[in-house]
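Novice: Below: one structure in structure tokens.
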Amino acid sequence: MQDPDLTAAAPRRCDQSSVTAVGGTQVRQRPQPGLSSRSCAIFAIMQRILAALAIAILFHAPCAEATSSELQIIVHISRQQMWLLQSGTHAYLGPVSTARRGYRTPTGKFRPLRLERVWYSTRYDRSPMPYSIFFHGGYAIHGTVESRKLGRPVSHGCIRLSVANARLLFKLVQSRGVANTVILVRN
């Protein structure tokens, strides 16, 4: 399996042009001169919503082959990014946060062990872990309300992503089934 073109999803600022890759299609977006920081933030949120909708459409479209193939969740620790692979199609899900210095995120190939829509950490001050997909002991992929920290290693070892993306991923894993889902965590 080859990695998707990860340069297409590099972090961007509002004053730079960017390329967004969804389902193998690249869309170049030009900077908007004179945008205020609030307009820039709204623009960024709209981009994320549109990307999530595109992924939802891509993975929920009726396809005989899709129901029999495996859903792969690919996490790149060094890039702090998550990709999905289904029926040979890569889709960028978004930035993640993995273990900060002094902690570790396990690497390797895993299957989901259990799904918990509502969960609170039993180890770290009952921190909320919405839409948890546990894959190795107490390690999980889950949503975080601290979305401003995504893209940087800040967790105790879990893989954090935005709540909206965690909800989407949770529903994908539920619909495909844990037996048909693989989680690949790479450095």
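Each chain in the structure tokens gets a letter, A, B and so on, in the order shown; residues start at 1 in every chain, and ligands are counted from 1 in the order they appear.
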Excluding A:Val154 and residues on its chain fewer than 6 positions from it, collect all residues at most 9 Å away from it, counting only C-alpha atoms, and give them as an mmCIF file with C-alpha atoms, in the first residue's frame.
Specialist:
data_model
loop_
_atom_site.group_PDB
_atom_site.id
_atom_site.type_symbol
_atom_site.label_atom_id
_atom_site.label_comp_id
_atom_site.auth_asym_id
_atom_site.auth_seq_id
_atom_site.Cartn_x
_atom_site.Cartn_y
_atom_site.Cartn_z
ATOM 1 C CA SER A 97 -2.601 15.002 18.120
ATOM 2 C CA THR A 98 -0.597 12.077 19.420
ATOM 3 C CA ALA A 99 1.685 11.574 22.430
ATOM 4 C CA ARG A 100 3.734 14.480 23.691
ATOM 5 C CA ARG A 101 7.282 14.131 25.005
#
Novice: Tell me which of A:Val145, A:Ile77, A:Val118, A:Leu113 sits closest to A:Asn165, counting only C-alpha atoms.
Specialist: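 Counting only C-alpha atoms, the residue closest to A:Asn165 is A:Val145.
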Novice: Tell me which protein, DNA and RNA residues are within 8 Å of stretch 127-138 of chain A, counting only C-alpha atoms, leaving out same-chain ones fewer than 6 positions away, and put them as a list in words.
Specialist: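 Close residues of stretch 127-138 of chain A: Pro106, Phe110, Arg111, Pro112, Leu113, Arg114, Leu115, Glu116, Arg117, Val118, Trp119, Tyr120, Ser121, Thr144, Val163, Ala166, Arg167, Phe170 and Ile183 of chain A.
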Novice: Just the selected residues (C-alpha atoms), exported as a short mmCIF file (atom, residue, chain, number, x, y, z; two decimals), in the first residue's frame, please.
Specialist:
data_model
loop_
_atom_site.label_atom_id
_atom_site.label_comp_id
_atom_site.auth_asym_id
_atom_site.auth_seq_id
_atom_site.Cartn_x
_atom_site.Cartn_y
_atom_site.Cartn_z
CA PRO A 106 1.71 2.72 20.16
CA PHE A 110 -4.47 -2.85 15.24
CA ARG A 111 -8.15 -3.70 15.12
CA PRO A 112 -10.70 -1.75 17.15
CA LEU A 113 -11.31 -3.45 20.49
CA ARG A 114 -14.43 -1.52 21.47
CA LEU A 115 -16.38 1.62 20.65
CA GLU A 116 -17.63 4.06 23.30
CA ARG A 117 -19.70 7.04 22.14
CA VAL A 118 -19.41 8.71 25.57
CA TRP A 119 -16.32 7.98 27.64
CA TYR A 120 -14.28 9.71 30.34
CA SER A 121 -10.66 8.92 31.08
CA THR A 144 -11.20 16.52 21.64
CA VAL A 163 -15.15 16.02 17.59
CA ALA A 166 -14.30 11.65 15.51
CA ARG A 167 -18.09 11.36 15.12
CA PHE A 170 -16.98 6.44 14.76
CA ILE A 183 -5.89 0.92 12.30
#
Novice: Could you pull out the strand (DSSP E) residues of stretch 31-186 of chain A, going by DSSP on the backbone, and write them as a PyMOL selection string?
Specialist: chain A and resi 71-76+81-86+89-95+108-110+114-116+132-136+139-144+159-162+181-186
Novice: Excluding stretch 146-151 of chain A and residues on its chain fewer than 3 positions from it, collect all residues at most 8 Å away from it, counting only C-alpha atoms, and give them as a CSV table (one decimal) with all heavy atoms, in the first residue's frame.
Specialist:
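Dumped to result13.csv:
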chain,number,residue,atom,x,y,z
A,79,ARG,N,3.7,13.4,11.0
A,79,ARG,CA,3.0,14.4,10.2
A,79,ARG,C,1.7,14.9,11.0
A,79,ARG,O,1.1,15.8,10.6
A,79,ARG,CB,2.6,13.9,8.9
A,79,ARG,CG,3.7,13.6,8.0
A,79,ARG,CD,3.3,13.1,6.6
A,79,ARG,NE,4.4,12.8,5.8
A,79,ARG,CZ,4.8,11.5,5.5
A,79,ARG,NH1,4.2,10.5,6.0
A,79,ARG,NH2,5.8,11.3,4.7
A,80,GLN,N,1.4,14.1,12.1
A,80,GLN,CA,0.2,14.5,12.9
A,80,GLN,C,-1.0,14.6,12.0
A,80,GLN,O,-1.8,15.5,12.0
A,80,GLN,CB,0.4,15.8,13.7
A,80,GLN,CG,1.5,15.7,14.7
A,80,GLN,CD,1.2,14.8,15.8
A,80,GLN,OE1,0.3,15.0,16.6
A,80,GLN,NE2,1.9,13.7,16.0
A,81,GLN,N,-1.2,13.5,11.1
A,81,GLN,CA,-2.3,13.5,10.2
A,81,GLN,C,-3.0,12.1,10.2
A,81,GLN,O,-2.4,11.1,10.5
A,81,GLN,CB,-1.9,13.8,8.8
A,81,GLN,CG,-1.3,15.1,8.6
A,81,GLN,CD,-0.8,15.3,7.2
A,81,GLN,OE1,-0.5,14.4,6.4
A,81,GLN,NE2,-0.6,16.6,6.8
A,95,PRO,N,-6.1,16.8,10.8
A,95,PRO,CA,-5.0,16.7,11.7
A,95,PRO,C,-5.3,16.0,13.0
A,95,PRO,O,-6.5,15.9,13.4
A,95,PRO,CB,-4.7,18.2,12.0
A,95,PRO,CG,-6.0,18.9,11.8
A,95,PRO,CD,-6.7,18.1,10.7
A,96,VAL,N,-4.3,15.4,13.6
A,96,VAL,CA,-4.5,14.7,14.9
A,96,VAL,C,-3.5,15.2,15.9
A,96,VAL,O,-2.5,15.9,15.5
A,96,VAL,CB,-4.4,13.2,14.7
A,96,VAL,CG1,-5.4,12.6,13.8
A,96,VAL,CG2,-3.0,12.8,14.2
A,97,SER,N,-3.6,14.8,17.1
A,97,SER,CA,-2.6,15.0,18.1
A,97,SER,C,-2.3,13.7,18.7
A,97,SER,O,-3.2,12.9,19.1
A,97,SER,CB,-3.1,16.0,19.2
A,97,SER,OG,-3.1,17.3,18.7
A,154,VAL,N,0.4,16.4,21.8
A,154,VAL,CA,0.1,17.0,23.1
A,154,VAL,C,-0.6,16.0,24.0
A,154,VAL,O,-0.9,16.3,25.1
A,154,VAL,CB,-0.8,18.3,22.9
A,154,VAL,CG1,0.0,19.4,22.3
A,154,VAL,CG2,-2.1,18.0,22.2
A,160,ARG,N,-6.0,12.0,19.2
A,160,ARG,CA,-7.1,12.9,19.2
A,160,ARG,C,-7.4,13.5,17.9
A,160,ARG,O,-6.4,13.8,17.1
A,160,ARG,CB,-6.7,14.1,20.2
A,160,ARG,CG,-6.4,13.7,21.6
A,160,ARG,CD,-6.1,15.0,22.3
A,160,ARG,NE,-5.7,14.8,23.7
A,160,ARG,CZ,-5.2,15.8,24.5
A,160,ARG,NH1,-5.2,17.0,24.0
A,160,ARG,NH2,-4.8,15.5,25.7
A,161,LEU,N,-8.6,13.8,17.6
A,161,LEU,CA,-9.0,14.5,16.4
A,161,LEU,C,-10.2,15.4,16.8
A,161,LEU,O,-10.8,15.3,17.9
A,161,LEU,CB,-9.3,13.6,15.2
A,161,LEU,CG,-10.4,12.5,15.3
A,161,LEU,CD1,-10.7,12.1,13.9
A,161,LEU,CD2,-9.9,11.3,16.1
A,162,SER,N,-10.7,16.2,15.8
A,162,SER,CA,-11.8,17.1,16.1
A,162,SER,C,-13.0,16.2,16.5
A,162,SER,O,-13.2,15.1,16.0
A,162,SER,CB,-12.1,18.0,15.0
A,162,SER,OG,-12.7,17.3,13.9
Novice: Kindly indicate which residue among A:Gly102, A:Arg152, A:Cys158, A:Glu70 lies nearest to A:Ser87, using only C-alpha atoms for the distances.
Specialist: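 For A:Ser87, the nearest of the candidates is A:Glu70.
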Novice: Of the residues A:Ile49, A:Met82, A:Tyr103, A:Leu93, which is the one nearest to A:Pro153, using only C-alpha atoms?
Specialist: A:Tyr103
Novice: For A:Thr181, which residue out of A:Lys109, A:Arg38, A:His90, A:His76 is the nearest one, using only C-alpha atoms?
Specialist: A:Lys109
